[in-house]
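Novice: Quick one: structure below, then a few questions.
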Amino acid sequence: MIKVEGLTKRYARTTAVDNISFEVQKGQIVGFLGPNGAGKTTTMRCLTCFMPPSSGSASVAGFDVLEHPMEVKKRIGYLPETPPLYPDMEVSEYLTFVGRLKGLSGNELTRRVGEVSERCAVADVSKKLIGKLSKGYRQRVGLAQAIIHNPDVLILDEPTSGLDPKQINETRDLIRGLAGDHTIILSTHILPEVEQICERVIIIAKGKVVATDTVHNLTNRLRGVEAVAVEVEPRSGALDAGAVQSRLEQVSGVSRVILKDSRDGRHLFEAESLQGKTIRGDLARSVVESGWNLYELRPVALSLEEVFLSLTSTDTAEPSGAVAE
Amino acid sequence: MRNTWTIFQKEITSYFNSPIAYGLMAFFALISGYFFYVYVAIFVQRGMESQMMGRPQPMDVNEWVVRPVLMNISVIGLFLIPMITMRLFAEEKRSGTIELLVTSPIHDLEIILGKWFAALVLYAAILGLSALNLAMLFMYGKPDWRPLVVGYLGLLLQGGCLLAIGTFISTTSKNQIIAGTGTFAIALLLWVLDWVSSYGTEAWAKVVGYLSVVAHFEPFSKGVIDSKDVVFFVSMIFLGLFLTARSLESLRWRS
Ligand SMILES: Nc1ncnc2c1ncn2[C@@H]1O[C@H](COP(=O)(O)OP(=O)(O)OP(=O)(O)O)[C@@H](O)[C@H]1O
Ligand SMILES: [Mg+2]
């Protein structure tokens, strides 16, 4: 349904998206995961014909974004990072306006405005000015405008950003409910969100695809990796952090160790395991056997950046951008 | 066409939903009413003077009232137009709604025309207020109506031209105030070009003078339609809208 090949987008100074390729099948929900500045918004803007790629190609439903932008636009519903709302319009007036822009008219338009208002739970505010709505309602109006013309493809840029936990759950349910009829790409930098909503995930960092995988495989791979915070006080005192670090790195199953903090003669490290290894026991033993004090040993969650690192470092055989399925 | 209408409707509603339209109308009604009053007063005074001197001359209302009032309205237009056009694209860019417009299955030209027509209609509605003043002349006298109609045609053409330029300038900034100020500066420039050209007779002065909006409007205020003035305004409208289209396009290549 969506096909991106060698897509590159350069701005005046930066290359925001660097030669990325991926495909999304009909009916799939794909998560576009990446830290700030990864190039998620840029990629989506190329897909929605907001701006042309610098090189490479993208197509939606077989139509190229450069050659047949009108056909592409007809088939896409797009929720930009900031919902494109007019504060001086009423909700129903706004949805009617967007519906017209997307080519609806007459009875069908009225019917769709009613339907999407129900579906996105904004029917109760349909006569309110958008400028007077809360953030959560605005986001839902944004979603409603994206699906007003029942598009084949939905592109949602951080649909849950800035919402409270309850609203986040409602929005995720809503998006899951839209699956099936629509092919959906949504961007996020929240890992659990991808696990909850998406079937497949495309991880991008610094403008490059780091991995594409099913969510199932990804979580398995991540579950195999353990991250542990270790706080050590070398009793001899004189011992510097580097020596302790190299000792910890020798523990079997440890892939890497990072010094996080150092004060009062104590050093805080974060150690990550190789795929499928548990390292807490071995770490504890090695600290104690070296005659040092073990102050703390606790598992920590991998941050998004660490996920990328561990994904790229544990799969050194896999070139970035390759598809692992 | 349908899409142009959709955009047009949205813009007109938004003008009349906000205080802008009413503010501009009040401002304009006040100033144009004042000028109307002044010229009528002068006209009446002169009429009485010539009568008292015992040799009443035929005095032409068109010459004494209609023409100067139209000239003044044309100048007030320079101030009004930036306020009408400044928000057209700047506000869409600031709020991000430009992403909705540009990713919808409509052509850029439809967006531009819809917005420009809406601005023109608002401008015409504002002008309409001054027509009410001038209509009063018909209650007390018999002015020639043809120069009036020609004058308003000229005002519309001049307005359309400056509105097109204003629309273009609105695409170059996210800030309404900057867009408005820029438009005003250019409108003012096109106006004072007339003075510049009157200082010289060389070729360059002619060229500069040709760009003067006021110089092209003046014949209309006398009731004269000269095809070269019409051509000037119509080509300026095309130029303005063309630049808007290019600017919208390059916005995407850059942004
Ligand atoms: N209009 C622009 N002009 C110049 N550089 C830009 C522009 N928009 C984005 N960039 C740059 O391109 C890179 C990618 O930006 P992009 O907005 O696509 O990231 P993102 O993944 O959406 O990030 P976020 O999670 O913060 O939304 C960044 O380095 C950003 O600074
Ligand atoms: Mg973004």
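Here, A, B, ... name the chains of the structure tokens in the order displayed, residue numbers run from 1 inside each chain, and ligands are numbered from 1 in the same displayed order.
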What lies within 12 Å of Glu63 of chain B using only C-alpha atoms, ignoring chain neighbours under 3 positions off, as a list in words?
Specialist: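 Using only C-alpha atoms, the neighbours found are Tyr39, Val40, Phe43, Pro58, Met59, Asp60, Val66, Arg67, Pro68, Val69, Leu70, Met71, Pro143, Asp144, Pro147, Leu148, Ser221, Lys222 and Gly223 of chain B.
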Novice: Okay, now the selection with N, CA and C atoms, as a short mmCIF file (atom, residue, chain, number, x, y, z; two decimals), in the first residue's frame?
Specialist:
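Ended up saving to selection-v9.cif:
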data_model
loop_
_atom_site.label_atom_id
_atom_site.label_comp_id
_atom_site.auth_asym_id
_atom_site.auth_seq_id
_atom_site.Cartn_x
_atom_site.Cartn_y
_atom_site.Cartn_z
N TYR B 39 -15.57 67.78 1.00
CA TYR B 39 -15.68 68.22 -0.39
C TYR B 39 -17.06 68.77 -0.71
N VAL B 40 -18.07 68.21 -0.08
CA VAL B 40 -19.40 68.77 -0.30
C VAL B 40 -19.45 70.19 0.26
N PHE B 43 -17.72 72.52 -1.99
CA PHE B 43 -18.54 72.70 -3.18
C PHE B 43 -19.66 73.70 -2.92
N PRO B 58 -21.82 77.70 -13.94
CA PRO B 58 -22.25 76.31 -13.79
C PRO B 58 -21.13 75.52 -13.10
N MET B 59 -21.42 74.84 -11.99
CA MET B 59 -20.41 74.04 -11.32
C MET B 59 -20.75 72.57 -11.43
N ASP B 60 -19.73 71.81 -11.64
CA ASP B 60 -19.91 70.39 -11.92
C ASP B 60 -19.69 69.58 -10.64
N VAL B 66 -17.22 64.24 -6.72
CA VAL B 66 -17.02 62.82 -7.01
C VAL B 66 -15.54 62.51 -7.24
N ARG B 67 -14.89 63.31 -8.07
CA ARG B 67 -13.51 63.00 -8.40
C ARG B 67 -12.57 63.04 -7.19
N PRO B 68 -12.59 64.16 -6.43
CA PRO B 68 -11.68 64.15 -5.27
C PRO B 68 -12.02 63.07 -4.24
N VAL B 69 -13.31 62.78 -4.06
CA VAL B 69 -13.66 61.74 -3.09
C VAL B 69 -13.10 60.39 -3.56
N LEU B 70 -13.25 60.10 -4.84
CA LEU B 70 -12.73 58.83 -5.36
C LEU B 70 -11.22 58.76 -5.20
N MET B 71 -10.54 59.88 -5.47
CA MET B 71 -9.08 59.89 -5.32
C MET B 71 -8.69 59.60 -3.87
N PRO B 143 -25.84 64.47 -10.68
CA PRO B 143 -24.49 64.18 -11.16
C PRO B 143 -24.55 63.15 -12.28
N ASP B 144 -23.51 63.15 -13.08
CA ASP B 144 -23.43 62.15 -14.15
C ASP B 144 -23.05 60.82 -13.51
N PRO B 147 -19.27 58.47 -14.72
CA PRO B 147 -17.95 58.55 -14.09
C PRO B 147 -17.89 57.85 -12.74
N LEU B 148 -19.03 57.83 -12.05
CA LEU B 148 -19.07 57.15 -10.76
C LEU B 148 -18.82 55.65 -10.93
N SER B 221 -10.93 58.02 -12.12
CA SER B 221 -11.67 58.96 -11.27
C SER B 221 -12.31 60.08 -12.09
N LYS B 222 -11.76 60.27 -13.30
CA LYS B 222 -12.36 61.28 -14.18
C LYS B 222 -13.41 60.66 -15.10
N GLY B 223 -13.62 59.37 -14.91
CA GLY B 223 -14.62 58.70 -15.74
C GLY B 223 -14.07 58.20 -17.05
#
Novice: Please identify the helix (DSSP H, G or I) residues within segment 23-227 of chain B (assignment by DSSP from backbone atoms) and present them as JSON, numbers by chain.
Specialist: {"B": [23, 24, 25, 26, 27, 28, 29, 30, 31, 32, 33, 34, 35, 36, 37, 38, 39, 40, 41, 42, 43, 44, 45, 46, 47, 48, 49, 50, 51, 52, 61, 62, 63, 64, 65, 66, 67, 68, 69, 70, 71, 72, 73, 74, 75, 76, 77, 78, 79, 80, 81, 82, 83, 84, 85, 87, 88, 89, 90, 91, 92, 93, 94, 95, 98, 99, 100, 101, 102, 108, 109, 110, 111, 112, 113, 114, 115, 116, 117, 118, 119, 120, 121, 122, 123, 124, 125, 126, 127, 128, 129, 130, 131, 132, 133, 134, 135, 136, 137, 138, 139, 140, 145, 146, 147, 148, 149, 150, 151, 152, 153, 154, 155, 156, 157, 158, 159, 160, 161, 162, 163, 164, 165, 166, 167, 168, 169, 170, 176, 177, 178, 179, 180, 181, 182, 183, 184, 185, 186, 187, 188, 189, 190, 191, 192, 193, 194, 195, 196, 197, 198, 199, 203, 204, 205, 206, 207, 208, 209, 210, 213, 214, 215, 216, 217, 218, 219, 220, 221, 227]}
Novice: Show which residues sit within 7 Å of Phe32 of chain A, as a short mmCIF file (atom, residue, chain, number, x, y, z; two decimals) with N, CA, C and O atoms, in the first residue's frame. Count only C-alpha atoms, and ignore same-chain residues fewer than 4 positions away.
Specialist:
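Listing of part.cif after writing:
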data_model
loop_
_atom_site.label_atom_id
_atom_site.label_comp_id
_atom_site.auth_asym_id
_atom_site.auth_seq_id
_atom_site.Cartn_x
_atom_site.Cartn_y
_atom_site.Cartn_z
N LYS A 40 10.99 11.53 11.52
CA LYS A 40 9.66 10.92 11.36
C LYS A 40 8.72 11.88 10.65
O LYS A 40 8.08 11.52 9.66
N ILE A 185 -0.02 4.45 9.41
CA ILE A 185 1.34 4.69 9.89
C ILE A 185 1.23 5.72 10.99
O ILE A 185 0.64 6.78 10.79
N LEU A 186 1.76 5.41 12.16
CA LEU A 186 1.76 6.43 13.20
C LEU A 186 3.15 6.58 13.76
O LEU A 186 3.91 5.63 13.84
N SER A 187 3.50 7.80 14.10
CA SER A 187 4.84 8.03 14.63
C SER A 187 4.75 8.26 16.12
O SER A 187 3.73 8.72 16.63
N THR A 188 5.80 7.91 16.81
CA THR A 188 5.81 8.07 18.25
C THR A 188 7.25 7.95 18.73
O THR A 188 8.10 7.43 18.02
N VAL A 201 6.93 -2.44 13.35
CA VAL A 201 7.57 -1.22 13.77
C VAL A 201 8.75 -0.92 12.86
O VAL A 201 9.45 -1.83 12.41
N ILE A 202 8.88 0.34 12.52
CA ILE A 202 10.04 0.80 11.77
C ILE A 202 10.77 1.75 12.69
O ILE A 202 10.21 2.77 13.11
N ILE A 203 11.99 1.38 13.04
CA ILE A 203 12.72 2.24 13.97
C ILE A 203 13.67 3.11 13.18
O ILE A 203 14.44 2.61 12.35
#
Novice: Find the residues in chain A near chain B: any atom within 8 Å counts, using only C-alpha atoms. Write them as a PDB file with C-alpha atoms, in the first residue's frame.
Specialist:
ATOM      1  CA  TYR A  11      17.146  20.808   4.273  1.00  0.00           C
ATOM      2  CA  ALA A  12      19.460  23.760   3.827  1.00  0.00           C
ATOM      3  CA  THR A  48       1.502  13.188   2.245  1.00  0.00           C
ATOM      4  CA  CYS A  49       2.818  15.334  -0.628  1.00  0.00           C
ATOM      5  CA  PHE A  50       3.362  18.252   1.711  1.00  0.00           C
ATOM      6  CA  MET A  51       6.862  18.479   0.361  1.00  0.00           C
ATOM      7  CA  PRO A  52       8.744  16.654  -2.331  1.00  0.00           C
ATOM      8  CA  PRO A  69      -0.037  13.908  -6.054  1.00  0.00           C
ATOM      9  CA  MET A  70      -3.802  14.361  -6.431  1.00  0.00           C
ATOM     10  CA  GLU A  71      -4.423  10.614  -6.444  1.00  0.00           C
ATOM     11  CA  LYS A  73      -3.857  13.048  -1.526  1.00  0.00           C
ATOM     12  CA  LYS A  74      -7.319  11.599  -2.162  1.00  0.00           C
ATOM     13  CA  TYR A  78      -3.222  13.040   7.658  1.00  0.00           C
ATOM     14  CA  PRO A  80       0.070  16.522  11.400  1.00  0.00           C
ATOM     15  CA  THR A  82       0.050  20.035  15.471  1.00  0.00           C
ATOM     16  CA  PRO A  83      -3.585  19.343  14.546  1.00  0.00           C
ATOM     17  CA  PRO A  84      -4.525  21.746  11.731  1.00  0.00           C
ATOM     18  CA  LEU A  85      -7.479  23.430  13.413  1.00  0.00           C
ATOM     19  CA  TYR A  86      -9.178  26.795  12.974  1.00  0.00           C
ATOM     20  CA  ASP A  88     -12.747  30.398  15.201  1.00  0.00           C
ATOM     21  CA  PHE A  97     -15.108  22.298   5.642  1.00  0.00           C
ATOM     22  CA  ARG A 100     -15.575  19.492   1.281  1.00  0.00           C
ATOM     23  CA  LEU A 101     -11.843  19.914   0.744  1.00  0.00           C
ATOM     24  CA  LYS A 102     -11.541  16.135   0.531  1.00  0.00           C
ATOM     25  CA  GLY A 103     -14.255  16.020  -2.107  1.00  0.00           C
TER      26      GLY A 103
END
Novice: Can you tell me which residues sit at most 6 Å away from ligand 1, counting only C-alpha atoms and all ligand atoms, written as a PyMOL selection string?
Specialist: (chain A and resi 11+16+35-42) or (chain B and resi 255)
Novice: Using only C-alpha atoms and all ligand atoms, can you tell me which of A:Asp124, A:Glu270, A:Asp64, A:Glu158 comes closest to ligand 2?
Specialist: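 Looking only at the distances to ligand 2, the closest residue turns out to be A:Glu158.
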Novice: What parts of segment 30-138 of chain A does DSSP call strand (DSSP E or B)? I'd like the answer as number ranges by chain.
Specialist: A: 30-33, 55-60, 63-64, 76-79, 90, 129
Novice: Output C-alpha atoms of each residue in that selection to a file, as a CSV table (one decimal), in the first residue's frame.
Specialist:
chain,number,residue,atom,x,y,z
A,30,VAL,CA,2.9,0.3,11.5
A,31,GLY,CA,4.7,2.3,14.1
A,32,PHE,CA,7.3,4.8,13.2
A,33,LEU,CA,9.5,4.9,16.2
A,55,SER,CA,15.7,12.1,-4.0
A,56,GLY,CA,14.3,8.6,-4.0
A,57,SER,CA,10.6,7.8,-4.4
A,58,ALA,CA,7.5,7.2,-2.4
A,59,SER,CA,4.2,5.8,-3.5
A,60,VAL,CA,0.8,5.3,-2.0
A,63,PHE,CA,0.6,6.3,-7.1
A,64,ASP,CA,3.9,8.2,-7.0
A,76,ILE,CA,-4.6,9.8,2.5
A,77,GLY,CA,-5.9,11.1,5.8
A,78,TYR,CA,-3.2,13.0,7.7
A,79,LEU,CA,-3.0,14.2,11.2
A,90,GLU,CA,-17.2,25.3,15.4
A,129,LEU,CA,-15.7,26.7,19.0
Novice: Would you kindly return, as number ranges by chain, each protein, DNA or RNA residue with an atom no farther than 9 Å from any atom of Gly166 of chain B, considering only C-alpha atoms and excluding same-chain residues fewer than 2 positions away?
Specialist: B: 81-82, 84-86, 88, 161-164, 168-171, 179-180, 182-184, 186-187, 240
Novice: So that I can see what lies close to Arg112 of chain A, please list as number ranges by chain the residues with an atom at most 10 Å from it, counting only C-alpha atoms and leaving out residues fewer than 5 positions away in the same chain.
Specialist: A: 95-96, 99, 104-105, 107, 117-118, 144, 147-150
